[in-house]
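The next block is my_file_16.txt, given as compact mmCIF, C-alpha atoms.
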```
# COMPACT_ATOMS: atom_id res chain seq x y z
CA MET A 13 -28.68 9.67 -15.92
CA PHE A 14 -25.91 8.48 -13.59
CA SER A 15 -23.86 11.67 -13.84
CA LYS A 16 -24.25 12.50 -10.16
CA SER A 17 -23.39 9.00 -8.88
CA ALA A 18 -20.97 7.84 -11.61
CA GLN A 19 -17.85 7.97 -9.44
CA TYR A 20 -19.52 5.70 -6.86
CA TYR A 21 -21.40 3.43 -9.28
CA ASP A 22 -19.22 0.34 -8.78
CA GLU A 23 -19.28 0.59 -4.98
CA ILE A 24 -23.06 0.97 -4.96
CA TYR A 25 -23.79 -2.07 -7.12
CA SER A 26 -21.13 -4.21 -5.46
CA ALA A 27 -22.87 -3.50 -2.16
CA GLY A 28 -26.11 -4.59 -3.83
CA GLY A 29 -24.61 -7.98 -4.63
CA LYS A 30 -24.00 -7.62 -8.36
CA ASP A 31 -21.55 -10.38 -9.40
CA TYR A 32 -19.75 -9.21 -12.52
CA VAL A 33 -17.49 -12.28 -12.66
CA ALA A 34 -20.37 -14.76 -12.62
CA GLU A 35 -22.31 -12.71 -15.17
CA THR A 36 -19.30 -12.46 -17.48
CA ASN A 37 -18.81 -16.23 -17.38
CA LYS A 38 -22.44 -16.69 -18.43
CA ILE A 39 -22.08 -14.07 -21.19
CA HIS A 40 -19.09 -15.99 -22.55
CA LYS A 41 -21.08 -19.24 -22.62
CA PHE A 42 -23.99 -17.60 -24.47
CA ILE A 43 -21.65 -16.05 -27.02
CA GLN A 44 -19.79 -19.28 -27.66
CA LYS A 45 -23.05 -21.17 -28.06
CA HIS A 46 -24.64 -18.79 -30.56
CA LYS A 47 -21.80 -16.98 -32.38
CA HIS A 48 -20.86 -18.22 -35.85
CA THR A 49 -17.91 -16.03 -36.77
CA GLY A 50 -14.21 -16.69 -36.61
CA GLY A 51 -13.21 -13.54 -34.76
CA ASN A 52 -13.35 -12.38 -31.15
CA THR A 53 -14.17 -8.65 -31.30
CA LEU A 54 -16.85 -7.47 -28.88
CA LEU A 55 -18.65 -4.16 -28.41
CA ASP A 56 -20.24 -3.45 -25.03
CA VAL A 57 -23.09 -0.96 -25.59
CA ALA A 58 -24.11 1.14 -22.57
CA CYS A 59 -20.84 -0.01 -21.00
CA GLY A 60 -21.07 2.29 -17.99
CA THR A 61 -17.90 2.25 -15.91
CA GLY A 62 -16.54 -0.70 -17.90
CA ALA A 63 -16.78 -3.45 -15.27
CA HIS A 64 -18.17 -6.03 -17.71
CA ALA A 65 -15.90 -4.77 -20.48
CA GLU A 66 -12.77 -5.24 -18.37
CA LEU A 67 -13.62 -8.87 -17.56
CA LEU A 68 -14.74 -9.65 -21.12
CA ASN A 69 -11.50 -8.14 -22.40
CA ARG A 70 -9.67 -11.16 -20.96
CA ARG A 71 -11.38 -13.32 -23.58
CA TYR A 72 -12.29 -10.88 -26.35
CA LYS A 73 -10.96 -7.75 -28.00
CA VAL A 74 -13.39 -5.33 -26.37
CA GLU A 75 -14.51 -1.77 -27.00
CA GLY A 76 -17.26 0.11 -25.20
CA VAL A 77 -19.79 2.81 -26.02
CA ASP A 78 -21.95 4.85 -23.64
CA LEU A 79 -24.00 8.05 -23.73
CA ASP A 80 -23.02 9.31 -20.26
CA ALA A 81 -19.81 11.34 -20.31
CA GLN A 82 -19.25 10.95 -16.56
CA MET A 83 -19.52 7.17 -16.73
CA LEU A 84 -17.04 7.14 -19.60
CA LYS A 85 -14.66 9.30 -17.60
CA VAL A 86 -14.62 6.65 -14.88
CA ALA A 87 -14.31 3.81 -17.42
CA ARG A 88 -11.33 5.38 -19.17
CA LYS A 89 -9.55 6.03 -15.88
CA GLN A 90 -10.14 2.52 -14.52
CA HIS A 91 -9.54 0.59 -17.75
CA PRO A 92 -7.01 2.52 -19.86
CA GLY A 93 -6.32 -0.50 -22.07
CA ILE A 94 -9.86 -0.50 -23.50
CA ARG A 95 -11.13 1.91 -26.13
CA PHE A 96 -14.34 3.69 -25.13
CA HIS A 97 -16.60 5.81 -27.35
CA GLN A 98 -19.36 8.26 -26.49
CA GLY A 99 -22.59 7.64 -28.37
CA ASP A 100 -26.32 6.98 -28.23
CA MET A 101 -27.26 3.32 -28.69
CA LYS A 102 -29.91 4.37 -31.25
CA SER A 103 -27.49 6.19 -33.52
CA PHE A 104 -23.79 5.61 -32.79
CA ASP A 105 -21.74 4.76 -35.88
CA LEU A 106 -18.31 3.19 -35.40
CA ARG A 107 -18.02 2.41 -39.13
CA ARG A 108 -17.14 -1.22 -38.54
CA GLN A 109 -18.70 -4.45 -37.36
CA PHE A 110 -18.09 -6.80 -34.44
CA ASP A 111 -18.37 -10.53 -33.78
CA SER A 112 -20.39 -9.97 -30.60
CA ILE A 113 -22.31 -7.08 -29.07
CA THR A 114 -23.68 -6.85 -25.54
CA CYS A 115 -26.20 -4.43 -24.03
CA LEU A 116 -26.48 -5.38 -20.37
CA PHE A 117 -27.98 -4.50 -16.99
CA SER A 118 -31.31 -3.45 -18.55
CA SER A 119 -29.78 -0.39 -20.19
CA ILE A 120 -32.06 -0.93 -23.19
CA GLY A 121 -34.91 0.47 -21.09
CA TYR A 122 -33.47 3.98 -21.41
CA VAL A 123 -34.64 4.19 -25.04
CA LYS A 124 -38.16 4.61 -23.53
CA THR A 125 -40.35 4.07 -26.65
CA LYS A 126 -41.10 1.17 -29.01
CA ALA A 127 -39.84 3.21 -31.97
CA ASN A 128 -36.56 3.89 -30.19
CA LEU A 129 -36.29 0.24 -29.13
CA GLN A 130 -36.47 -0.76 -32.78
CA LYS A 131 -33.91 1.89 -33.75
CA ALA A 132 -31.48 0.71 -31.06
CA ILE A 133 -31.74 -2.99 -31.94
CA LYS A 134 -31.42 -2.15 -35.64
CA ASN A 135 -28.35 0.02 -35.03
CA MET A 136 -26.66 -2.64 -32.91
CA GLY A 137 -27.56 -5.29 -35.48
CA ASP A 138 -26.01 -3.16 -38.22
CA HIS A 139 -22.75 -3.25 -36.23
CA LEU A 140 -22.73 -7.08 -36.21
CA LEU A 141 -20.71 -9.17 -38.61
CA PRO A 142 -22.62 -11.91 -40.47
CA GLY A 143 -22.85 -14.81 -38.03
CA GLY A 144 -22.44 -12.43 -35.08
CA VAL A 145 -24.51 -12.41 -31.90
CA LEU A 146 -26.25 -9.61 -29.98
CA LEU A 147 -27.07 -10.10 -26.28
CA VAL A 148 -29.64 -7.70 -24.77
CA GLU A 149 -30.63 -7.87 -21.11
CA PRO A 150 -34.15 -6.41 -20.80
CA TRP A 151 -35.75 -4.09 -18.29
CA PHE A 152 -38.98 -5.07 -16.56
CA THR A 153 -42.14 -5.73 -18.56
CA PRO A 154 -45.29 -3.75 -17.68
CA GLU A 155 -46.59 -6.75 -15.71
CA GLN A 156 -43.39 -7.03 -13.67
CA TRP A 157 -43.20 -3.37 -12.66
CA HIS A 158 -44.73 -2.33 -9.31
CA PRO A 159 -45.02 1.40 -8.58
CA GLY A 160 -44.81 2.62 -5.01
CA ARG A 161 -41.98 0.42 -3.82
CA VAL A 162 -39.15 1.83 -1.72
CA PHE A 163 -35.68 0.28 -1.41
CA THR A 164 -32.59 1.22 0.56
CA LEU A 165 -28.98 0.32 -0.21
CA ARG A 166 -25.91 1.11 1.88
CA VAL A 167 -22.16 1.26 1.31
CA ASP A 168 -20.12 1.10 4.51
CA ARG A 169 -16.39 1.63 4.14
CA PRO A 170 -14.09 3.45 6.56
CA ASP A 171 -13.47 6.16 3.95
CA LEU A 172 -16.90 6.16 2.26
CA ARG A 173 -20.49 5.90 3.47
CA ILE A 174 -23.38 5.91 1.01
CA VAL A 175 -27.10 5.59 1.58
CA ARG A 176 -29.28 5.30 -1.52
CA MET A 177 -33.04 5.28 -1.21
CA SER A 178 -35.16 4.60 -4.30
CA HIS A 179 -38.86 4.98 -5.06
CA SER A 180 -40.61 3.43 -8.04
CA GLY A 181 -43.28 5.25 -10.02
CA GLN A 182 -44.93 4.99 -13.41
CA SER A 183 -46.27 7.25 -16.15
CA GLY A 184 -48.00 5.29 -18.89
CA LYS A 185 -45.48 2.77 -20.20
CA ILE A 186 -42.55 4.62 -18.63
CA SER A 187 -41.14 3.40 -15.31
CA LEU A 188 -39.84 6.13 -13.02
CA LEU A 189 -37.06 5.59 -10.52
CA LYS A 190 -36.21 8.37 -8.11
CA PHE A 191 -32.85 7.87 -6.38
CA GLU A 192 -31.85 10.00 -3.40
CA TYR A 193 -28.26 9.68 -2.24
CA LEU A 194 -26.28 10.67 0.83
CA PHE A 195 -22.53 10.50 0.15
CA GLY A 196 -20.33 10.73 3.23
CA THR A 197 -16.58 11.28 2.95
CA SER A 198 -13.89 13.08 4.93
CA LYS A 199 -14.94 16.25 3.08
CA GLY A 200 -18.48 16.10 4.46
CA ILE A 201 -21.94 14.83 3.49
CA GLU A 202 -23.45 15.50 0.07
CA HIS A 203 -27.07 14.96 -1.01
CA GLN A 204 -27.90 14.21 -4.64
CA VAL A 205 -31.08 13.26 -6.53
CA GLU A 206 -31.44 11.37 -9.83
CA ILE A 207 -34.58 10.59 -11.82
CA HIS A 208 -34.38 7.65 -14.23
CA GLU A 209 -37.05 7.03 -16.89
CA MET A 210 -37.14 3.62 -18.61
CA GLY A 211 -39.56 2.05 -21.05
CA LEU A 212 -41.67 -0.92 -20.02
CA PHE A 213 -41.66 -3.21 -23.07
CA THR A 214 -43.50 -6.49 -23.49
CA ASN A 215 -41.80 -9.70 -24.56
CA GLU A 216 -43.56 -9.40 -27.90
CA GLU A 217 -42.21 -5.86 -28.41
CA TYR A 218 -38.66 -7.05 -27.80
CA LEU A 219 -39.06 -9.98 -30.17
CA TYR A 220 -40.56 -7.75 -32.87
CA ALA A 221 -37.66 -5.26 -32.59
CA PHE A 222 -35.19 -8.07 -33.32
CA LYS A 223 -37.36 -9.35 -36.17
CA VAL A 224 -37.57 -5.99 -37.97
CA ALA A 225 -33.79 -5.61 -37.49
CA GLY A 226 -33.36 -8.80 -39.52
CA LEU A 227 -32.06 -10.86 -36.60
CA LYS A 228 -33.13 -14.33 -35.57
CA VAL A 229 -33.90 -14.11 -31.85
CA VAL A 230 -33.94 -16.51 -28.91
CA HIS A 231 -35.35 -15.51 -25.53
CA ASP A 232 -33.65 -17.12 -22.54
CA LYS A 233 -36.06 -16.51 -19.66
CA LYS A 234 -33.42 -16.70 -16.92
CA GLY A 235 -30.52 -14.91 -18.58
CA LEU A 236 -27.67 -13.71 -16.38
CA ASP A 237 -29.44 -13.09 -13.09
CA GLY A 238 -33.13 -13.74 -13.61
CA ARG A 239 -34.01 -10.72 -15.78
CA GLY A 240 -33.92 -12.79 -18.97
CA LEU A 241 -31.79 -12.33 -22.06
CA TYR A 242 -32.55 -11.78 -25.75
CA ILE A 243 -30.04 -13.37 -28.09
CA GLY A 244 -30.10 -11.97 -31.62
CA LYS A 245 -28.22 -13.82 -34.35
CA LYS A 246 -27.25 -12.31 -37.69
CA ALA A 247 -27.47 -14.65 -40.65
CA VAL A 248 -24.28 -15.84 -42.30
CA LYS A 249 -24.11 -14.62 -45.88
```

Would you write the structure of this file as structure tokens?
Amino acid sequence: MFSKSAQYYDEIYSAGGKDYVAETNKIHKFIQKHKHTGGNTLLDVACGTGAHAELLNRRYKVEGVDLDAQMLKVARKQHPGIRFHQGDMKSFDLRRQFDSITCLFSSIGYVKTKANLQKAIKNMGDHLLPGGVLLVEPWFTPEQWHPGRVFTLRVDRPDLRIVRMSHSGQSGKISLLKFEYLFGTSKGIEHQVEIHEMGLFTNEEYLYAFKVAGLKVVHDKKGLDGRGLYIGKKAVK
């Protein structure tokens, strides 16, 4: 996935205007509104380089889990006070439960299929304490996805220049994103290519995945930055 660009991930998305502080403040408000447990443990699923986890760790006792070893390498180096685990969101097993779980920045799309979506939501739900809350930021729906679009993003620092060009495609209900990078440093210029495949799920498919996982779900259409947010709540025993 992001193995080729992991070391530059934060610079790339900061240049794109991603506001981790504002998003984290909104996450906190959603959690406090919907959580009905007495604790403050939080698991960030698909944590990436740990930018959200680091900010959330100021309010919660945070751990992270991600599939990508290179992203975890960056996260562990940048945030040594947080415990990070390697695992697939469909099947990781930490053998304990948390008060809150987040799965942000549309990472859920990487499960690709409806069956895997249900497995991932069920697995995350199983890691929730009774009264806990699961926040999932969705990827685009089939209606929202537009193949054939091209975007360019630039990072301009004295010691680092990056140009990322992306092209959107589609195969059935799978969105395809081709990223081509030019990384310029004092060592020279490097070209890298990444292909990302993400499932295009309908609102009804998201809601059903929460339902079969035994979670009561609320869909906030705006969410953190306009992508929407699914809020799954586990019943108190």

Kindly provide the residues of range 32-78 of chain A that approach range 101-119 of chain A to within 7 Å, each paired with its closest atom pair and their distance in Å to one decimal, based on all atoms listed in the file, listed by chain and increasing number, as JSON lines.
```
{"residue": "A:Thr49", "atom": "CA", "partner": "A:Asp111", "partner_atom": "CA", "distance": 6.3}
{"residue": "A:Gly51", "atom": "CA", "partner": "A:Asp111", "partner_atom": "CA", "distance": 6.1}
{"residue": "A:Asn52", "atom": "CA", "partner": "A:Asp111", "partner_atom": "CA", "distance": 6.0}
{"residue": "A:Thr53", "atom": "CA", "partner": "A:Asp111", "partner_atom": "CA", "distance": 5.2}
{"residue": "A:Leu54", "atom": "CA", "partner": "A:Ser112", "partner_atom": "CA", "distance": 4.7}
{"residue": "A:Leu55", "atom": "CA", "partner": "A:Ile113", "partner_atom": "CA", "distance": 4.7}
{"residue": "A:Asp56", "atom": "CA", "partner": "A:Thr114", "partner_atom": "CA", "distance": 4.9}
{"residue": "A:Val57", "atom": "CA", "partner": "A:Cys115", "partner_atom": "CA", "distance": 4.9}
{"residue": "A:Ala58", "atom": "CA", "partner": "A:Cys115", "partner_atom": "CA", "distance": 6.1}
```

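Picture a line from CA of Ala247 in chain A to CA of Val230 in chain A; it runs 13.5 Å.
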
Practice prompt. Counting only C-alpha atoms, find the residues whose atoms lie at most 9 Å from (-27.2, -19.0, -29.8) (file coordinates) and write them out as an MDAnalysis selection string.
Written response: chainID A and resid 42:48 145 229:230 243:245

Item to complete: Could you give me, as a PyMOL selection string, the residues that sit within 6 Å of (-26.5, 3.8, -1.9) in the file's coordinates, counting all atoms listed in the file?
Response: chain A and resi 24+165-167+174-176

Worksheet item: Distance CA of Gly235 in chain A-CA of Phe213 in chain A, one decimal place?
Response: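 Answer for the CA of Gly235 in chain A to CA of Phe213 in chain A separation: 16.8 Å.
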
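Going from CA of Cys59 in chain A to CA of Glu202 in chain A covers 26.3 Å.
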